[in-house]
$ cat query28.cif   # mmCIF, C-alpha atoms
data_query
loop_
_atom_site.label_atom_id
_atom_site.label_comp_id
_atom_site.auth_asym_id
_atom_site.auth_seq_id
_atom_site.Cartn_x
_atom_site.Cartn_y
_atom_site.Cartn_z
CA MET A 1 -27.14 -72.05 -21.33
CA LEU A 2 -30.63 -70.64 -20.76
CA LYS A 3 -33.69 -72.49 -19.56
CA LEU A 4 -37.24 -71.35 -18.91
CA SER A 5 -39.15 -73.71 -16.65
CA ASN A 6 -42.91 -73.51 -16.16
CA VAL A 7 -42.97 -69.71 -16.62
CA SER A 8 -46.41 -68.15 -16.28
CA ILE A 9 -47.48 -64.52 -16.08
CA ALA A 10 -50.84 -62.79 -16.34
CA TYR A 11 -51.96 -59.16 -16.43
CA ASN A 12 -55.48 -58.28 -15.26
CA GLU A 13 -56.44 -61.95 -15.47
CA LYS A 14 -55.23 -62.20 -19.08
CA VAL A 15 -52.69 -65.00 -19.36
CA VAL A 16 -49.68 -63.84 -21.38
CA LEU A 17 -47.28 -66.73 -20.76
CA ASP A 18 -48.73 -70.09 -19.73
CA GLN A 19 -46.32 -72.63 -18.16
CA LEU A 20 -43.72 -71.84 -20.81
CA ASP A 21 -40.71 -74.16 -21.15
CA LEU A 22 -37.65 -73.51 -23.31
CA THR A 23 -34.05 -74.70 -23.46
CA ALA A 24 -31.50 -72.81 -25.57
CA SER A 25 -27.74 -73.07 -25.94
CA LYS A 26 -24.71 -71.15 -27.15
CA GLY A 27 -24.27 -71.15 -30.92
CA GLU A 28 -27.97 -70.61 -31.67
CA ILE A 29 -29.97 -67.79 -33.16
CA ILE A 30 -33.57 -68.30 -32.11
CA GLY A 31 -36.25 -66.33 -33.90
CA VAL A 32 -39.53 -65.50 -32.18
CA ALA A 33 -42.51 -64.82 -34.45
CA ALA A 34 -45.93 -63.72 -33.24
CA PRO A 35 -48.23 -60.73 -33.64
CA ASN A 36 -47.80 -57.80 -31.27
CA GLY A 37 -49.39 -58.32 -27.89
CA THR A 38 -48.98 -62.10 -27.82
CA GLY A 39 -46.09 -62.38 -25.36
CA LYS A 40 -42.79 -61.94 -27.23
CA THR A 41 -41.68 -58.86 -25.32
CA THR A 42 -42.97 -60.24 -22.03
CA MET A 43 -40.91 -63.40 -22.53
CA PHE A 44 -37.79 -61.29 -23.16
CA ASN A 45 -38.57 -59.18 -20.09
CA VAL A 46 -38.82 -62.29 -17.93
CA MET A 47 -35.49 -63.54 -19.31
CA ALA A 48 -33.89 -60.19 -18.45
CA ASN A 49 -35.58 -59.95 -15.04
CA PHE A 50 -37.39 -56.75 -15.99
CA VAL A 51 -40.62 -58.43 -14.86
CA LYS A 52 -41.12 -61.26 -12.41
CA PRO A 53 -43.20 -64.23 -13.53
CA ASP A 54 -46.13 -65.35 -11.41
CA SER A 55 -44.61 -68.81 -11.38
CA GLY A 56 -41.62 -70.66 -12.80
CA HIS A 57 -38.03 -69.50 -13.17
CA VAL A 58 -35.18 -68.70 -15.56
CA LEU A 59 -31.91 -70.62 -15.18
CA PHE A 60 -28.55 -69.64 -16.71
CA ASN A 61 -25.68 -72.07 -17.23
CA GLY A 62 -27.48 -74.67 -15.19
CA LYS A 63 -26.99 -72.87 -11.86
CA TYR A 64 -27.76 -69.14 -11.82
CA ALA A 65 -31.27 -67.76 -11.35
CA TYR A 66 -32.75 -64.44 -10.26
CA ARG A 67 -32.75 -65.47 -6.60
CA ASN A 68 -30.65 -62.74 -5.04
CA GLU A 69 -28.69 -59.62 -5.92
CA LYS A 70 -25.39 -61.50 -6.33
CA GLU A 71 -26.84 -63.92 -8.89
CA GLU A 72 -28.69 -61.12 -10.67
CA LEU A 73 -25.42 -59.24 -11.17
CA LEU A 74 -23.69 -62.39 -12.43
CA ILE A 75 -26.45 -62.95 -14.98
CA HIS A 76 -26.55 -59.33 -16.17
CA LYS A 77 -22.85 -59.46 -16.91
CA GLN A 78 -23.72 -62.21 -19.38
CA LEU A 79 -26.89 -60.76 -20.90
CA ALA A 80 -27.75 -57.61 -22.87
CA THR A 81 -31.10 -56.46 -24.23
CA PHE A 82 -31.60 -54.45 -27.41
CA PRO A 83 -31.89 -50.74 -26.53
CA GLU A 84 -34.93 -48.78 -27.71
CA GLN A 85 -34.42 -45.68 -29.80
CA LYS A 86 -36.26 -43.57 -27.22
CA ASP A 87 -33.57 -44.48 -24.68
CA LEU A 88 -30.73 -42.99 -26.73
CA PHE A 89 -29.16 -39.77 -25.43
CA GLU A 90 -29.77 -37.03 -28.00
CA GLU A 91 -26.76 -34.91 -27.02
CA LEU A 92 -24.24 -37.77 -26.97
CA SER A 93 -22.49 -39.11 -30.06
CA GLY A 94 -22.73 -42.62 -31.39
CA VAL A 95 -19.18 -43.25 -30.18
CA ASP A 96 -20.21 -42.18 -26.67
CA HIS A 97 -23.02 -44.75 -26.69
CA LEU A 98 -20.73 -47.53 -27.93
CA LYS A 99 -18.10 -46.77 -25.30
CA LEU A 100 -20.78 -46.70 -22.62
CA TYR A 101 -21.98 -50.20 -23.51
CA ALA A 102 -18.44 -51.51 -24.02
CA ASN A 103 -17.36 -50.29 -20.59
CA MET A 104 -20.50 -51.54 -18.85
CA TRP A 105 -20.19 -55.12 -20.10
CA LYS A 106 -16.61 -55.61 -21.28
CA GLY A 107 -14.69 -53.15 -19.11
CA SER A 108 -12.81 -52.06 -22.23
CA THR A 109 -13.40 -50.01 -25.38
CA LYS A 110 -10.63 -51.49 -27.50
CA HIS A 111 -13.07 -53.30 -29.78
CA VAL A 112 -15.33 -50.27 -30.44
CA LYS A 113 -13.31 -49.25 -33.50
CA ASP A 114 -13.87 -52.70 -35.03
CA VAL A 115 -17.62 -52.44 -34.41
CA ILE A 116 -17.75 -49.07 -36.16
CA GLU A 117 -15.85 -50.40 -39.16
CA ARG A 118 -17.93 -53.58 -39.40
CA LEU A 119 -21.19 -51.60 -39.46
CA HIS A 120 -19.87 -48.86 -41.80
CA MET A 121 -20.66 -46.11 -39.29
CA GLY A 122 -17.46 -44.08 -39.55
CA HIS A 123 -18.99 -41.21 -41.52
CA TYR A 124 -21.55 -40.30 -38.84
CA VAL A 125 -20.73 -42.06 -35.57
CA LYS A 126 -19.02 -39.00 -34.01
CA ARG A 127 -22.06 -36.80 -34.58
CA LYS A 128 -24.69 -36.22 -31.91
CA VAL A 129 -27.55 -38.67 -32.00
CA ARG A 130 -30.12 -35.88 -32.45
CA THR A 131 -28.84 -35.55 -36.04
CA TYR A 132 -29.43 -39.26 -36.85
CA SER A 133 -32.14 -40.66 -39.09
CA LEU A 134 -34.31 -43.53 -37.83
CA GLY A 135 -32.18 -46.04 -39.75
CA MET A 136 -28.96 -44.62 -38.29
CA ARG A 137 -30.42 -44.81 -34.79
CA GLN A 138 -31.41 -48.43 -35.29
CA ARG A 139 -27.96 -49.34 -36.59
CA LEU A 140 -26.47 -47.62 -33.52
CA CYS A 141 -28.69 -49.70 -31.24
CA PHE A 142 -27.38 -52.86 -32.90
CA ALA A 143 -23.81 -51.56 -32.67
CA MET A 144 -24.33 -51.05 -28.92
CA MET A 145 -25.18 -54.76 -28.63
CA MET A 146 -22.00 -55.64 -30.53
CA ALA A 147 -20.03 -53.35 -28.20
CA ALA A 148 -21.54 -55.09 -25.16
CA ASP A 149 -20.49 -58.43 -26.69
CA THR A 150 -22.37 -60.52 -24.13
CA PRO A 151 -22.85 -64.30 -24.38
CA VAL A 152 -26.65 -63.90 -24.33
CA MET A 153 -28.46 -61.27 -26.40
CA LEU A 154 -32.16 -60.44 -26.52
CA MET A 155 -33.10 -58.44 -29.62
CA ASP A 156 -36.66 -57.21 -30.05
CA GLU A 157 -37.43 -55.89 -33.57
CA VAL A 158 -33.77 -55.41 -34.43
CA MET A 159 -34.55 -54.67 -38.10
CA ASN A 160 -37.06 -51.84 -37.54
CA GLY A 161 -36.50 -48.87 -39.82
CA LEU A 162 -33.62 -50.44 -41.77
CA ASP A 163 -33.39 -50.44 -45.55
CA VAL A 164 -32.62 -53.60 -47.54
CA SER A 165 -28.84 -53.14 -47.51
CA ASN A 166 -28.73 -52.61 -43.74
CA VAL A 167 -31.02 -55.60 -43.11
CA ALA A 168 -28.51 -57.69 -45.09
CA LEU A 169 -25.59 -56.20 -43.14
CA ILE A 170 -27.18 -56.87 -39.73
CA SER A 171 -28.14 -60.40 -40.82
CA ASP A 172 -24.53 -61.14 -41.79
CA CYS A 173 -23.31 -59.79 -38.45
CA LEU A 174 -25.79 -61.94 -36.54
CA MET A 175 -24.54 -65.07 -38.28
CA GLU A 176 -20.93 -64.12 -37.52
CA MET A 177 -21.73 -63.44 -33.86
CA LYS A 178 -23.67 -66.60 -33.08
CA LYS A 179 -20.69 -68.99 -32.88
CA ASP A 180 -20.03 -68.08 -29.26
CA LYS A 181 -23.39 -66.59 -28.28
CA LEU A 182 -27.04 -67.35 -27.73
CA ILE A 183 -29.10 -64.77 -29.61
CA PHE A 184 -32.87 -64.31 -29.55
CA VAL A 185 -34.40 -62.19 -32.31
CA ALA A 186 -38.03 -61.11 -32.47
CA SER A 187 -38.70 -59.63 -35.89
CA HIS A 188 -41.58 -58.73 -38.18
CA LEU A 189 -39.34 -59.45 -41.19
CA LEU A 190 -40.35 -63.09 -41.34
CA GLU A 191 -38.63 -64.05 -44.58
CA ASN A 192 -35.39 -62.60 -43.23
CA LEU A 193 -35.58 -64.84 -40.15
CA ASP A 194 -35.26 -67.85 -42.46
CA LEU A 195 -31.82 -66.63 -43.55
CA TYR A 196 -30.08 -66.52 -40.19
CA ALA A 197 -32.18 -68.27 -37.52
CA ASP A 198 -31.47 -71.85 -36.47
CA ARG A 199 -35.06 -72.23 -35.31
CA VAL A 200 -38.13 -70.04 -34.99
CA LEU A 201 -40.61 -70.23 -32.12
CA PHE A 202 -44.28 -69.30 -32.55
CA LEU A 203 -46.13 -68.01 -29.48
CA LYS A 204 -49.90 -68.15 -29.19
CA ASP A 205 -52.17 -68.12 -26.15
CA GLY A 206 -49.11 -68.07 -23.90
CA LYS A 207 -47.56 -71.23 -25.30
CA PHE A 208 -45.25 -72.26 -28.11
CA VAL A 209 -47.59 -73.67 -30.74
CA HIS A 210 -44.79 -74.59 -33.15
CA GLU A 211 -41.02 -74.77 -33.40
CA GLN A 212 -39.62 -74.46 -36.90
CA LYS A 213 -36.14 -75.92 -37.27
CA PHE A 214 -33.97 -75.20 -40.29
CA THR A 215 -32.27 -78.41 -41.37
CA ASP A 216 -31.61 -80.23 -44.62
CA GLU A 217 -34.34 -82.68 -43.62
CA ASN A 218 -37.28 -80.27 -43.75
CA GLU A 219 -40.29 -81.71 -45.56
CA THR A 220 -40.71 -80.51 -49.14
CA PHE A 221 -44.04 -79.20 -50.42
CA LEU A 222 -45.50 -78.25 -53.76
CA LYS A 223 -47.01 -74.79 -53.05
CA ILE A 224 -49.51 -72.76 -55.05
CA GLU A 225 -51.73 -69.74 -54.31
CA LEU A 226 -55.42 -70.63 -54.63
CA ASP A 227 -58.39 -68.56 -53.54
CA PRO A 228 -61.14 -70.38 -51.58
CA GLY A 229 -63.27 -70.85 -54.70
CA GLN A 230 -60.45 -72.48 -56.64
CA TYR A 231 -59.57 -74.61 -53.63
CA GLU A 232 -63.14 -75.91 -53.22
CA LYS A 233 -63.35 -76.69 -56.93
CA LEU A 234 -60.04 -78.56 -56.85
CA LYS A 235 -61.18 -80.67 -53.87
CA LYS A 236 -64.20 -81.82 -55.84
CA GLU A 237 -62.12 -82.73 -58.89
CA ILE A 238 -59.11 -84.38 -57.20
CA LYS A 239 -58.58 -86.36 -54.02
CA LEU A 240 -55.95 -84.42 -52.07
CA PRO A 241 -53.35 -86.23 -49.92
CA THR A 242 -54.43 -86.70 -46.31
CA ASP A 243 -51.58 -84.54 -44.96
CA TYR A 244 -51.94 -81.56 -47.32
CA LEU A 245 -52.25 -78.03 -45.90
CA TYR A 246 -54.45 -75.14 -46.98
CA ILE A 247 -52.99 -72.15 -45.17
CA ALA A 248 -54.89 -68.97 -44.33
CA LYS A 249 -57.37 -69.48 -47.17
CA HIS A 250 -54.77 -68.76 -49.83
CA LEU A 251 -51.91 -71.29 -50.01
CA LEU A 252 -52.26 -74.97 -50.93
CA CYS A 253 -49.30 -77.12 -49.87
CA ILE A 254 -48.97 -80.68 -51.18
CA PRO A 255 -46.34 -82.78 -49.36
CA LEU A 256 -44.01 -84.53 -51.82
CA GLU A 257 -42.35 -86.86 -49.34
CA GLY A 258 -43.20 -90.49 -50.03
CA LEU A 259 -44.41 -89.80 -53.57
CA SER A 260 -42.68 -91.37 -56.53
CA ILE A 261 -41.14 -89.18 -59.23
CA ALA A 262 -44.09 -90.01 -61.46
CA GLU A 263 -46.61 -89.01 -58.75
CA GLN A 264 -44.74 -85.77 -58.05
CA THR A 265 -44.72 -84.96 -61.75
CA LYS A 266 -48.45 -85.64 -61.95
CA TRP A 267 -49.18 -83.20 -59.11
CA ILE A 268 -47.03 -80.53 -60.73
CA GLU A 269 -48.85 -80.99 -64.03
CA ARG A 270 -52.21 -80.69 -62.27
CA MET A 271 -51.19 -77.44 -60.58
CA LEU A 272 -49.78 -76.00 -63.79
CA HIS A 273 -53.36 -75.73 -65.04
CA TYR A 274 -53.54 -72.66 -62.79
CA ASN A 275 -51.03 -70.98 -65.10
CA GLU A 276 -51.60 -67.50 -63.70
CA LYS A 277 -50.48 -68.65 -60.27
CA GLU A 278 -46.90 -69.01 -59.04
CA LEU A 279 -45.93 -72.62 -58.38
CA THR A 280 -43.01 -73.29 -55.99
CA VAL A 281 -41.38 -76.34 -54.45
CA GLY A 282 -39.64 -76.27 -51.07
CA PRO A 283 -40.08 -76.45 -47.30
CA LEU A 284 -42.51 -74.25 -45.43
CA GLY A 285 -40.93 -70.99 -44.27
CA THR A 286 -41.60 -68.64 -41.38
CA VAL A 287 -44.09 -66.60 -43.42
CA GLU A 288 -46.17 -69.69 -44.16
CA TYR A 289 -46.18 -70.92 -40.57
CA TYR A 290 -47.06 -67.40 -39.42
CA ASP A 291 -50.03 -67.37 -41.78
CA LYS A 292 -51.03 -70.82 -40.58
CA TYR A 293 -51.14 -69.89 -36.89
CA TYR A 294 -52.05 -66.20 -36.91
CA ALA A 295 -54.12 -65.51 -40.05
CA GLU A 296 -57.24 -64.88 -37.99
CA MET A 297 -55.40 -62.62 -35.53
CA VAL A 298 -53.82 -60.13 -37.96
#
$ encode --input "query28.cif" --output "structure tokens"
Amino acid sequence: MLKLSNVSIAYNEKVVLDQLDLTASKGEIIGVAAPNGTGKTTMFNVMANFVKPDSGHVLFNGKYAYRNEKEELLIHKQLATFPEQKDLFEELSGVDHLKLYANMWKGSTKHVKDVIERLHMGHYVKRKVRTYSLGMRQRLCFAMMMAADTPVMLMDEVMNGLDVSNVALISDCLMEMKKDKLIFVASHLLENLDLYADRVLFLKDGKFVHEQKFTDENETFLKIELDPGQYEKLKKEIKLPTDYLYIAKHLLCIPLEGLSIAEQTKWIERMLHYNEKELTVGPLGTVEYYDKYYAEMV
């Protein structure tokens, strides 16, 4: 449904995207995790044709690209980008904003009422936006995306300013929406990405350094927090498996795949000696991969 091919872009000789390739299809939520200033927003802007890459191209549905005005219009009927709070109209109501987006992309406002009900906005949506809190504004921005109801959605920091209950509500809506859409979500709430994303991409130095897929086949690790001193002491006392990970100088991860039950039990017993530390078993999550790739950058 969407394909980036050999996309490169640089600003003032600083390479932001470096021959980036990506293929994504309907029915996916793709998370993008990277520190600010590492290319997430630029990638979204290239997808939306807000900036032109120095090389490479974006292809939609195997045939449409940003080659001429006709194709650009065809693509923009299929794609919406998450509005920024600063772009909201202070003197218009939330309903006005939803109807604007619904008319622009769907040519109808019949579904706006359902959007309002789904996001529990009925008690304030008719008020002018200047009266809204930051959380209410952010929920309105998400509601505008639901009103647009496009097949492709680009959402940059969709969870900003939301409390726990609203993060849960938006997450549920994203999972409901994805069945007939392709949704990209860049978010600083890394643990939350694990709940609704089908895969998470990690950008560094203009390239994808890792793609985390969420499947039942993810490798299982024994994980424990160890400071560098404890880690160095442990290495001297015990021979660690060749494919272990020590992430960001704080998290030791022992892979359990291929170990017998007896061997797994032995490793757990060894780690239990650090009884003040939390011991967990499971796959690596977005937070752990983020620490692995960006610990020195943040």
$ resolve_selection --input "query28.cif" --expression "the PyMOL selection byres ((chain A and resi 49-51) around 10)" --output "list in words"
Ile9, Thr42, Met43, Phe44, Asn45, Val46, Met47, Ala48, Lys52, Pro53, Asp54, Val58, Ala65, Tyr66, Glu72, Ile75 and His76 of chain A
$ atom_distance --input "query28.cif" --atom1 "atom CA of Asp198 of chain A" --atom2 "atom CA of Tyr246 of chain A"
25.5 Å
$ residues_around --input "query28.cif" --residues "Ala168 of chain A" --least-positions-apart "2" --cutoff "12 Å" --atoms "only C-alpha atoms" --output "list in words"
Leu119, Arg139, Met159, Leu162, Asp163, Val164, Ser165, Asn166, Ile170, Ser171, Asp172, Cys173, Leu174, Met175, Leu189, Glu191, Asn192, Leu193, Leu195 and Tyr196 of chain A
$ closest_residue --input "query28.cif" --among "A:Leu2, A:Lys292, A:Thr215, A:Val281" --to "Leu245 of chain A" --atoms "all atoms listed in the file"
A:Lys292
$ residues_around --input "query28.cif" --residues "Lys223 of chain A" --least-positions-apart "2" --cutoff "7 Å" --atoms "only C-alpha atoms" --output "PyMOL selection string"
chain A and resi 221+251-254+279-281
$ resolve_selection --input "query28.cif" --expression "the PyMOL selection byres ((chain A and resi 285) around 9)" --output "count of residues only"
12
$ atom_distance --input "query28.cif" --atom1 "atom CA of Tyr231 of chain A" --atom2 "atom CA of Thr265 of chain A"
19.8 Å
$ closest_residue --input "query28.cif" --among "A:Gly107, A:Gly31, A:Pro228, A:Pro83" --to "Leu182 of chain A" --atoms "all atoms listed in the file"
A:Gly31
$ residues_near_point --input "query28.cif" --point "(-25.9, -57.0, -31.6)" --cutoff "12 Å" --atoms "only C-alpha atoms" --output "PyMOL selection string"
chain A and resi 29+79-83+98+101-102+115+118-119+138-159+169-178+181-185
$ atom_distance --input "query28.cif" --atom1 "atom CA of Lys77 of chain A" --atom2 "atom CA of Gly161 of chain A"
28.7 Å
$ resolve_selection --input "query28.cif" --expression "the PyMOL selection byres ((chain A and resi 203-210) around 12)" --output "PyMOL selection string"
chain A and resi 6-11+14-22+31-43+186+199-202+211-213+286+289-290+292-297
$ closest_residue --input "query28.cif" --among "A:Arg67, A:Lys179, A:Lys126, A:Lys99" --to "Glu28 of chain A" --atoms "only C-alpha atoms"
A:Lys179
$ closest_residue --input "query28.cif" --among "A:Ala197, A:Thr109, A:His123, A:Val129" --to "Leu88 of chain A" --atoms "only C-alpha atoms"
A:Val129
